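Asker: What follows is the file final_24.cif, containing mmCIF, C-alpha atoms:
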```cif
data_final
loop_
_atom_site.label_atom_id
_atom_site.label_comp_id
_atom_site.auth_asym_id
_atom_site.auth_seq_id
_atom_site.Cartn_x
_atom_site.Cartn_y
_atom_site.Cartn_z
CA MET A 1 225.02 37.15 298.68
CA LYS A 2 225.56 40.18 300.83
CA PRO A 3 228.12 39.34 303.58
CA VAL A 4 226.05 40.62 306.50
CA CYS A 5 225.62 38.22 309.37
CA PRO A 6 222.17 38.47 310.98
CA PHE A 7 223.48 37.02 314.24
CA VAL A 8 224.69 40.22 315.85
CA LYS A 9 225.51 38.79 319.25
CA ALA A 10 228.70 37.08 318.07
CA ALA A 11 231.66 38.55 316.21
CA ARG A 12 233.08 37.02 313.04
CA PRO A 13 236.63 35.63 313.28
CA ASP A 14 237.54 37.79 310.29
CA ASP A 15 236.91 40.88 312.41
CA THR A 16 238.90 39.94 315.50
CA THR A 17 241.00 43.09 315.35
CA SER A 18 238.00 45.41 315.40
CA LYS A 19 236.92 47.37 318.43
CA LYS A 20 233.46 45.86 318.35
CA SER A 21 234.85 42.35 318.46
CA GLY A 22 236.99 43.30 321.41
CA GLU A 23 233.99 44.64 323.25
CA ASN A 24 232.04 41.46 322.54
CA SER A 25 234.99 39.45 323.77
CA VAL A 26 235.13 41.32 327.06
CA LYS A 27 231.40 40.92 327.50
CA HIS A 28 231.56 37.21 326.68
CA GLN A 29 234.30 36.66 329.22
CA ALA A 30 232.71 38.83 331.87
CA GLU A 31 229.38 36.98 331.91
CA PRO A 32 230.77 33.55 332.91
CA GLU A 33 233.04 35.22 335.49
CA SER A 34 230.19 37.12 337.12
CA LYS A 35 228.07 34.01 337.08
CA ALA A 36 230.86 32.04 338.70
CA LYS A 37 231.25 34.63 341.47
CA LYS A 38 227.53 34.77 342.07
CA ASP A 39 227.16 31.00 342.27
CA SER A 40 230.56 30.20 343.75
CA ASN A 41 229.00 27.92 346.31
CA ASP A 42 227.10 25.99 343.65
CA SER A 43 229.17 25.84 340.48
CA ALA A 44 232.19 27.07 338.55
CA SER A 45 232.17 28.11 334.93
CA VAL A 46 234.88 27.45 332.36
CA SER A 47 234.97 28.90 328.84
CA PRO A 48 237.45 26.85 326.77
CA LYS A 49 238.62 27.56 323.25
CA CYS A 50 237.72 25.22 320.43
CA PRO A 51 240.71 22.84 319.94
CA PHE A 52 240.40 23.19 316.15
CA GLY A 53 240.57 26.99 316.24
CA TYR A 54 236.92 27.68 315.49
CA ASP A 55 236.26 30.08 318.35
CA SER A 56 235.23 33.69 318.71
CA GLN A 57 238.77 35.01 319.02
CA THR A 58 240.78 33.16 316.39
CA PHE A 59 240.42 31.18 313.18
CA LYS A 60 242.85 28.85 311.52
CA ILE A 61 242.73 26.39 308.67
CA GLY A 62 242.24 23.38 310.89
CA PRO A 63 242.23 19.67 310.04
CA LEU A 64 238.53 19.81 309.17
CA SER A 65 238.84 22.75 306.74
CA CYS A 66 239.37 22.97 303.00
CA MET A 67 242.44 25.03 302.14
CA ILE A 68 240.82 26.26 298.92
CA CYS A 69 237.52 27.72 300.18
CA GLN A 70 238.70 28.07 303.82
CA ALA A 71 235.43 26.63 305.09
CA LEU A 72 234.66 23.31 306.72
CA LEU A 73 234.94 20.38 304.34
CA PHE A 74 231.87 19.47 302.29
CA GLU A 75 231.79 16.22 300.33
CA SER A 76 235.34 15.56 301.52
CA SER A 77 237.51 14.17 298.75
CA LYS A 78 241.16 13.14 298.72
CA CYS A 79 243.64 13.34 295.91
CA VAL A 80 245.34 10.19 294.66
CA PRO A 81 248.19 9.52 295.24
CA CYS A 82 249.02 12.32 297.75
CA SER A 83 245.87 11.87 299.91
CA HIS A 84 245.42 15.59 300.65
CA ALA A 85 241.76 16.35 301.34
CA PHE A 86 239.56 19.15 299.97
CA CYS A 87 235.90 19.80 299.20
CA LYS A 88 234.88 17.89 296.07
CA ALA A 89 233.69 21.04 294.27
CA CYS A 90 236.90 22.89 295.14
CA ILE A 91 239.46 20.27 294.14
CA SER A 92 237.60 19.36 290.94
CA ARG A 93 238.94 22.58 289.40
CA PHE A 94 242.58 21.50 289.77
CA LYS A 95 244.85 19.11 287.92
CA ASP A 96 247.66 19.36 290.48
CA CYS A 97 247.31 19.24 294.27
CA PRO A 98 247.28 22.82 295.60
CA LEU A 99 249.20 21.69 298.70
CA CYS A 100 252.05 19.58 297.34
CA GLY A 101 251.87 20.06 293.57
CA ALA A 102 251.56 16.36 292.82
CA ASP A 103 249.64 15.33 289.71
CA ILE A 104 246.09 14.30 290.59
CA GLU A 105 245.48 10.87 289.09
CA LYS A 106 241.97 10.66 290.49
CA ILE A 107 239.76 12.03 293.27
CA GLU A 108 238.16 9.72 295.81
CA PRO A 109 235.48 10.49 298.43
CA ASP A 110 236.66 10.40 302.05
CA ALA A 111 233.57 9.25 303.95
CA ASN A 112 235.38 8.86 307.28
CA LEU A 113 236.70 12.41 307.27
CA GLN A 114 233.34 13.82 306.19
CA GLY A 115 231.66 11.91 309.00
CA THR A 116 234.00 13.58 311.46
CA VAL A 117 233.22 17.00 309.99
CA ASP A 118 229.48 16.36 310.16
CA ARG A 119 229.69 15.29 313.81
CA PHE A 120 231.74 18.38 314.61
CA ILE A 121 229.13 20.64 312.99
CA GLU A 122 226.30 18.85 314.77
CA GLY A 123 227.87 19.44 318.17
CA HIS A 124 229.46 22.82 317.57
CA ALA A 125 228.39 25.57 320.00
CA ARG A 126 226.08 23.14 321.79
CA ILE A 127 228.52 21.63 324.25
CA LYS A 128 227.59 22.11 327.91
CA ARG A 129 228.95 19.30 330.03
CA SER A 130 229.85 18.68 333.64
CA ILE A 131 233.19 17.31 334.86
CA ASN A 132 233.36 14.74 337.65
CA SER A 133 235.16 15.94 340.75
CA ASP A 134 237.97 13.90 342.38
CA LYS A 135 236.66 14.89 345.81
CA GLY A 136 233.70 12.57 345.71
CA GLU A 137 230.04 12.69 344.88
CA ALA A 138 229.18 15.20 347.60
CA ALA A 139 231.77 17.69 346.36
CA GLU A 140 230.52 17.26 342.79
CA GLU A 141 227.00 18.15 343.84
CA SER A 142 228.13 21.30 345.67
CA LYS A 143 230.60 22.58 343.05
CA GLN A 144 229.84 21.37 339.53
CA VAL A 145 232.10 22.54 336.71
CA ILE A 146 230.17 23.41 333.56
CA TYR A 147 231.80 24.15 330.20
CA GLU A 148 230.07 26.99 328.40
CA ASP A 149 229.55 26.99 324.62
CA VAL A 150 232.94 26.40 323.03
CA SER A 151 232.65 28.95 320.24
CA LEU A 152 230.47 31.32 318.31
CA GLU A 153 226.74 31.06 318.58
CA ARG A 154 225.72 28.23 316.32
CA GLY A 155 223.84 30.39 313.83
CA SER A 156 226.72 32.82 313.42
CA PHE A 157 229.15 29.95 313.01
CA LEU A 158 227.07 28.28 310.27
CA VAL A 159 226.49 31.56 308.40
CA GLN A 160 230.20 32.31 308.55
CA GLN A 161 231.06 28.94 307.02
CA ALA A 162 228.41 29.41 304.35
CA MET A 163 229.74 32.84 303.40
CA ARG A 164 233.27 31.48 303.05
CA ALA A 165 232.04 28.66 300.80
CA PHE A 166 229.83 31.00 298.73
CA ARG A 167 232.70 33.40 298.06
CA ALA A 168 234.74 30.45 296.83
CA GLN A 169 231.82 29.38 294.56
CA ASN A 170 231.21 26.19 296.53
CA ILE A 171 227.47 26.78 296.39
CA GLU A 172 226.29 23.37 297.60
CA SER A 173 228.45 23.69 300.71
CA ALA A 174 226.96 27.13 301.41
CA LYS A 175 223.42 25.79 300.93
CA SER A 176 224.09 22.91 303.30
CA ARG A 177 225.29 25.18 306.13
CA LEU A 178 222.50 27.70 305.63
CA SER A 179 219.87 24.94 305.57
CA LEU A 180 221.13 23.69 308.94
CA CYS A 181 220.99 27.23 310.27
CA ALA A 182 217.42 27.73 309.01
CA GLU A 183 216.40 24.41 310.55
CA ASP A 184 217.83 25.49 313.93
CA ILE A 185 215.99 28.84 313.81
CA ARG A 186 212.70 27.18 312.87
CA GLY A 187 213.09 24.94 315.91
CA GLN A 188 213.56 28.00 318.12
CA LEU A 189 210.53 29.68 316.56
CA GLU A 190 208.39 26.70 317.52
CA LYS A 191 209.52 27.04 321.14
CA MET A 192 209.67 30.82 321.53
CA GLY A 193 207.22 32.14 318.94
CA ASN A 194 207.79 34.79 316.27
CA THR A 195 210.20 37.07 318.10
CA SER A 196 211.72 39.98 316.15
CA GLU A 197 215.23 38.61 316.54
CA LEU A 198 214.39 35.13 315.25
CA CYS A 199 212.27 36.44 312.36
CA SER A 200 215.10 38.79 311.36
CA GLN A 201 217.64 35.98 311.46
CA LEU A 202 215.48 33.56 309.50
CA GLY A 203 214.57 36.20 306.93
CA ALA A 204 218.25 36.95 306.30
CA VAL A 205 219.24 33.26 306.09
CA LEU A 206 216.39 32.50 303.68
CA GLY A 207 217.55 35.39 301.50
CA MET A 208 221.05 33.87 301.44
CA LEU A 209 219.59 30.51 300.43
CA GLY A 210 217.80 32.33 297.61
CA ASP A 211 221.13 33.75 296.48
CA CYS A 212 222.59 30.23 296.42
CA CYS A 213 219.74 28.93 294.28
CA ARG A 214 220.02 31.88 291.93
CA ALA A 215 223.76 31.26 291.57
CA LYS A 216 222.94 27.65 290.60
CA GLY A 217 220.38 28.79 288.03
CA ASP A 218 217.42 27.41 290.01
CA ALA A 219 215.08 30.38 289.64
CA SER A 220 211.94 28.73 291.03
CA SER A 221 213.65 27.68 294.27
CA ALA A 222 215.28 31.11 294.56
CA VAL A 223 211.89 32.82 294.29
CA ALA A 224 210.45 30.48 296.94
CA TYR A 225 213.25 31.33 299.39
CA PHE A 226 213.05 35.07 298.70
CA GLU A 227 209.26 35.05 299.16
CA GLU A 228 209.60 33.24 302.48
CA SER A 229 212.27 35.75 303.49
CA VAL A 230 209.87 38.59 302.67
CA GLU A 231 207.16 36.88 304.72
CA PHE A 232 209.28 36.82 307.88
CA LEU A 233 210.84 40.26 307.41
CA SER A 234 207.42 41.81 306.81
CA LYS A 235 206.44 40.84 310.36
CA LEU A 236 209.11 43.10 311.84
CA PRO A 237 209.03 46.82 312.74
CA LYS A 238 210.09 49.01 309.84
CA ASP A 239 212.28 51.31 311.95
CA ASP A 240 215.41 49.15 311.54
CA LEU A 241 217.37 50.19 308.44
CA GLU A 242 219.08 46.84 308.02
CA ILE A 243 215.78 44.94 308.14
CA THR A 244 214.04 47.27 305.68
CA HIS A 245 217.04 47.16 303.35
CA THR A 246 217.10 43.35 303.38
CA LEU A 247 213.33 43.27 302.82
CA SER A 248 213.49 45.64 299.85
CA VAL A 249 216.45 43.77 298.34
CA SER A 250 214.60 40.45 298.58
CA LEU A 251 211.59 42.02 296.83
CA ASN A 252 213.86 43.39 294.08
CA LYS A 253 215.53 40.01 293.62
CA ILE A 254 212.15 38.36 293.07
CA GLY A 255 211.35 41.16 290.62
CA ASP A 256 214.62 40.53 288.77
CA LEU A 257 213.86 36.82 288.41
CA LYS A 258 210.33 37.56 287.17
CA TYR A 259 211.72 40.17 284.78
CA TYR A 260 214.20 37.79 283.18
CA ASP A 261 211.50 35.14 283.00
CA GLY A 262 209.41 37.54 280.91
CA ASP A 263 206.68 38.12 283.50
CA LEU A 264 206.80 41.92 283.43
CA GLN A 265 203.60 42.55 285.36
CA ALA A 266 204.80 40.38 288.26
CA ALA A 267 208.23 42.04 288.09
CA ARG A 268 206.66 45.49 288.33
CA SER A 269 204.55 44.41 291.29
CA TYR A 270 207.60 43.32 293.30
CA TYR A 271 209.67 46.34 292.23
CA PHE A 272 206.82 48.64 293.28
CA ARG A 273 206.52 46.95 296.69
CA SER A 274 210.25 47.44 297.20
CA LEU A 275 209.90 51.09 296.18
CA ASN A 276 207.13 51.63 298.73
CA VAL A 277 209.26 50.08 301.50
CA ARG A 278 212.11 52.42 300.62
CA ARG A 279 209.87 55.48 300.33
CA ASP A 280 208.53 54.81 303.83
CA VAL A 281 212.10 54.70 305.15
CA ILE A 282 213.17 58.08 303.75
CA LYS A 283 210.09 59.72 305.25
CA CYS A 284 211.86 59.32 308.60
CA LYS A 285 215.46 58.93 307.37
CA SER A 286 215.69 61.54 304.64
CA ASP A 287 219.18 62.49 305.80
CA VAL A 288 220.64 59.03 305.06
CA PRO A 289 222.18 59.21 301.54
CA SER A 290 222.23 55.43 301.00
CA GLN A 291 218.45 55.30 301.51
CA VAL A 292 217.89 58.04 298.92
CA LEU A 293 220.07 56.11 296.49
CA ASP A 294 218.00 52.99 297.14
CA VAL A 295 214.79 54.86 296.29
CA ALA A 296 216.32 56.14 293.04
CA VAL A 297 217.32 52.59 292.06
CA SER A 298 213.79 51.34 292.75
CA LEU A 299 212.31 54.18 290.69
CA ALA A 300 214.60 53.17 287.83
CA LYS A 301 213.52 49.53 288.05
CA VAL A 302 209.81 50.39 288.01
CA ALA A 303 210.30 52.88 285.15
CA ASP A 304 212.26 50.35 283.10
CA VAL A 305 209.40 47.84 283.36
CA ASP A 306 206.87 50.56 282.52
CA ARG A 307 208.79 51.32 279.34
CA ASN A 308 208.81 47.65 278.35
CA LEU A 309 205.06 47.51 279.02
CA GLY A 310 204.54 50.49 276.75
CA ASN A 311 203.75 53.00 279.50
CA GLU A 312 206.12 55.68 278.23
CA ASN A 313 204.72 58.58 280.21
CA SER A 314 204.97 56.68 283.51
CA ALA A 315 208.49 55.56 282.60
CA THR A 316 209.60 59.12 281.83
CA ASP A 317 208.14 60.43 285.07
CA GLY A 318 209.91 57.70 287.05
CA PHE A 319 213.29 58.28 285.41
CA GLN A 320 213.00 62.05 285.87
CA GLU A 321 212.01 61.76 289.54
CA ALA A 322 215.04 59.55 290.18
CA ILE A 323 217.33 62.01 288.36
CA ASP A 324 215.99 64.93 290.40
CA MET A 325 216.59 63.03 293.65
CA LEU A 326 220.18 62.15 292.77
CA GLU A 327 221.07 65.58 291.43
CA SER A 328 219.89 67.20 294.67
CA LEU A 329 221.68 64.64 296.84
CA THR A 330 224.78 66.01 298.60
CA LEU A 331 227.39 63.60 299.89
CA LYS A 332 230.28 64.11 302.26
CA SER A 333 233.78 63.95 300.82
CA GLU A 334 234.55 60.69 302.59
CA ALA A 335 231.56 58.92 300.98
CA SER A 336 233.46 58.15 297.76
CA GLY A 337 231.79 54.77 297.33
CA LEU A 338 228.31 56.28 297.45
CA GLU A 339 229.36 59.04 295.06
CA GLN A 340 230.52 56.49 292.49
CA ARG A 341 227.22 54.66 292.83
CA ARG A 342 225.27 57.92 292.51
CA LEU A 343 227.10 58.86 289.31
CA SER A 344 226.64 55.36 287.88
CA VAL A 345 222.87 55.39 288.48
CA LEU A 346 222.61 58.94 287.13
CA GLU A 347 224.39 57.93 283.93
CA PHE A 348 221.96 55.05 283.43
CA LEU A 349 218.90 57.23 284.06
CA ARG A 350 220.04 59.98 281.69
CA SER A 351 220.78 57.40 278.99
CA GLN A 352 217.23 56.07 279.33
CA LEU A 353 215.73 59.53 278.79
CA ALA A 354 218.10 60.19 275.90
CA ASP A 355 217.02 56.94 274.22
CA LYS A 356 213.39 58.02 274.45
CA GLN A 357 214.13 61.40 272.90
CA GLU A 358 215.99 59.74 270.02
CA GLN A 359 213.06 57.39 269.42
CA ALA A 360 210.64 60.34 269.43
CA GLU A 361 212.76 62.25 266.92
CA THR A 362 213.02 59.18 264.69
CA THR A 363 209.25 58.73 264.74
CA VAL A 364 208.70 62.37 263.76
#
```
Starting from the file, lay out its structure as structure tokens.
Answerer:
Amino acid sequence: MKPVCPFVKAARPDDTTSKKSGENSVKHQAEPESKAKKDSNDSASVSPKCPFGYDSQTFKIGPLSCMICQALLFESSKCVPCSHAFCKACISRFKDCPLCGADIEKIEPDANLQGTVDRFIEGHARIKRSINSDKGEAAEESKQVIYEDVSLERGSFLVQQAMRAFRAQNIESAKSRLSLCAEDIRGQLEKMGNTSELCSQLGAVLGMLGDCCRAKGDASSAVAYFEESVEFLSKLPKDDLEITHTLSVSLNKIGDLKYYDGDLQAARSYYFRSLNVRRDVIKCKSDVPSQVLDVAVSLAKVADVDRNLGNENSATDGFQEAIDMLESLTLKSEASGLEQRRLSVLEFLRSQLADKQEQAETTV
């Protein structure tokens, strides 16, 4: 699962030292202040920090977090006899408690703690409440204090927790958070219609759910999520590089699953659709090296399927076109990561052509 959060309005706690996060912080603080000045005769606005540390400026391993995956607890379980709590999937890998080192005699579910976590998630970033004034009912009506959202936007918060769990291989936890996020976005779509922002967010979240299913070996569910992701992303303008990249990646992932399932024709169809998306991008963004690399990768995927289908001439043409693109690609010295990827793809492509030549010589 690619760690890219589709909810661009809120910064991740992991990036609190970045300039962008600082700018978002200033903007977030400035909006309530300006609103308070504008409506000083009607209301005052307060923006408190989350008491557990889950806010846009800081993050800590709070009482509702698992120390192992560093995400909110999922299927909370406590060790016996020490009673330290972790996610069930996380602690099941240990024989000794990671916190105190005590031998784990058994693991028991902690329903009360999990209930608290679930209630916290349900209310997180939704709290807007008024505070009664001591000056009487009239004063309350004229100057009502309203608490703004306590933390990150809800979608960003849920995706962040899912990404933490996924990196720690707690897949069910990640699926649970992403499913809540998708449910929230679907609710907004019903109210607001298919806006570009909501379709982009849902497409990205569905792709992440597909990654979770693929990690669990559930290919059919993964394909269903990826196809739904493609459906939403296809509704969006193709001038956004992040959207087109996510769309093409989802198409390739479906192709990969079809390929390993032995359905080569279906695999080629999805690979070719991804290739067309990427070709359209470089028509306008030919100066972006990463996009050229993406096209070369798609050419290699289509050519590989063609070879397996017995279409040798098409396969050779595809491999050669990709090689020509990568050999003519010039990268800046600071793009070392892209250069390594370019060389890796080139090595694969050349090996494919070399294999064909060896087979031809053997046949002769």
Asker: Just the residues within 9 Å of range 288-301 of chain A, please, counting all atoms listed in the file, with nothing from its chain fewer than 5 positions along; format it as an mmCIF file with C-alpha atoms, in the frame of the given file.
Answerer:
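Wrote out19.cif, looks like this:
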```cif
data_model
loop_
_atom_site.group_PDB
_atom_site.id
_atom_site.type_symbol
_atom_site.label_atom_id
_atom_site.label_comp_id
_atom_site.auth_asym_id
_atom_site.auth_seq_id
_atom_site.Cartn_x
_atom_site.Cartn_y
_atom_site.Cartn_z
ATOM 1 C CA LEU A 241 217.370 50.190 308.440
ATOM 2 C CA HIS A 245 217.040 47.160 303.350
ATOM 3 C CA ASN A 252 213.860 43.390 294.080
ATOM 4 C CA ARG A 268 206.660 45.490 288.330
ATOM 5 C CA TYR A 271 209.670 46.340 292.230
ATOM 6 C CA PHE A 272 206.820 48.640 293.280
ATOM 7 C CA SER A 274 210.250 47.440 297.200
ATOM 8 C CA LEU A 275 209.900 51.090 296.180
ATOM 9 C CA ASN A 276 207.130 51.630 298.730
ATOM 10 C CA VAL A 277 209.260 50.080 301.500
ATOM 11 C CA ARG A 278 212.110 52.420 300.620
ATOM 12 C CA ARG A 279 209.870 55.480 300.330
ATOM 13 C CA VAL A 281 212.100 54.700 305.150
ATOM 14 C CA ILE A 282 213.170 58.080 303.750
ATOM 15 C CA ASP A 306 206.870 50.560 282.520
ATOM 16 C CA ALA A 315 208.490 55.560 282.600
ATOM 17 C CA GLY A 318 209.910 57.700 287.050
ATOM 18 C CA PHE A 319 213.290 58.280 285.410
ATOM 19 C CA GLU A 321 212.010 61.760 289.540
ATOM 20 C CA ALA A 322 215.040 59.550 290.180
ATOM 21 C CA ILE A 323 217.330 62.010 288.360
ATOM 22 C CA MET A 325 216.590 63.030 293.650
ATOM 23 C CA LEU A 326 220.180 62.150 292.770
ATOM 24 C CA LEU A 329 221.680 64.640 296.840
ATOM 25 C CA THR A 330 224.780 66.010 298.600
ATOM 26 C CA LEU A 331 227.390 63.600 299.890
ATOM 27 C CA LEU A 338 228.310 56.280 297.450
ATOM 28 C CA ARG A 341 227.220 54.660 292.830
ATOM 29 C CA ARG A 342 225.270 57.920 292.510
ATOM 30 C CA VAL A 345 222.870 55.390 288.480
ATOM 31 C CA PHE A 348 221.960 55.050 283.430
ATOM 32 C CA LEU A 349 218.900 57.230 284.060
#
```
Asker: So which residues touch Asp256 in chain A within 12 Å, counting all atoms listed in the file, skipping near sequence neighbours fewer than 5 positions away, as a PyMOL selection string?
Answerer: chain A and resi 214+219+222-223+226+249-251+261-271+274+298+301-302+304-305
Asker: Identify which of the residues A:Asp317, A:Glu183, A:Glu122, A:Glu108 lies closest to Lys78 in chain A, counting only C-alpha atoms when measuring atom-to-atom distances.
Answerer: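 Result for the nearest residue to Lys78 in chain A: A:Glu108.
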Asker: Could you state which residues are captured by the PyMOL selection byres ((chain A and resi 186) around 12) in this file, as an MDAnalysis selection string?
Answerer: chainID A and resid 155 179:185 187:195 198:203 205:206 232
Asker: Go ahead and compute the interatomic distance for CA of Gly101 in chain A and CA of Thr116 in chain A, in Å to one decimal.
Answerer: 26.1 Å
Asker: Residue by residue, what does the PyMOL selection byres ((chain A and resi 111-114) around 12) grab here? Present the result as a list in words.
Answerer: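 Given this file, the PyMOL selection byres ((chain A and resi 111-114) around 12) evaluates to Pro63, Leu64, Ser65, Cys66, Leu72, Leu73, Phe74, Glu75, Ser76, Ser77, Lys78, Ser83, His84, Ala85, Phe86, Cys87, Lys88, Glu108, Pro109, Asp110, Gly115, Thr116, Val117, Asp118, Arg119, Phe120 and Ile121 of chain A.
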Asker: Quick one: pull the distance between CA of Ser92 in chain A and CA of Ala168 in chain A, Å, one decimal.
Answerer: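 Between CA of Ser92 in chain A and CA of Ala168 in chain A the gap works out to 12.9 Å.
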Asker: Quick check, in Å to one decimal: how far apart do CA of Lys106 in chain A and CA of Val80 in chain A lie?
Answerer: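 So the answer is 5.4 Å.
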Asker: Hey, what comes out of the PyMOL selection byres ((chain A and resi 165) around 10) on this file? Could you write it as JSON, numbers by chain?
Answerer: {"A": [66, 68, 69, 70, 71, 72, 73, 74, 87, 90, 159, 160, 161, 162, 163, 164, 166, 167, 168, 169, 170, 171, 172, 173, 174, 175, 177]}
Asker: Nearest residue to Cys79 in chain A out of A:Glu228, A:Glu105, A:Glu334, A:Glu153, using all atoms listed in the file?
Answerer: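 Answer, going by the shortest atom-to-atom distance: A:Glu105.
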Asker: Counting only C-alpha atoms, which of A:Ser196, A:Leu257, A:Glu327, A:Gln340 gets nearest to Ser221 in chain A?
Answerer: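 Under the stated criterion, the closest residue is A:Leu257.
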Asker: Can you tell me, as a list in words, what residues are no more than 7 Å from Ala102 in chain A when counting all atoms listed in the file, ignoring any on the same chain fewer than 3 positions away?
Answerer: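 What passes the distance filter is Cys82, Asp96 and Cys97 of chain A.
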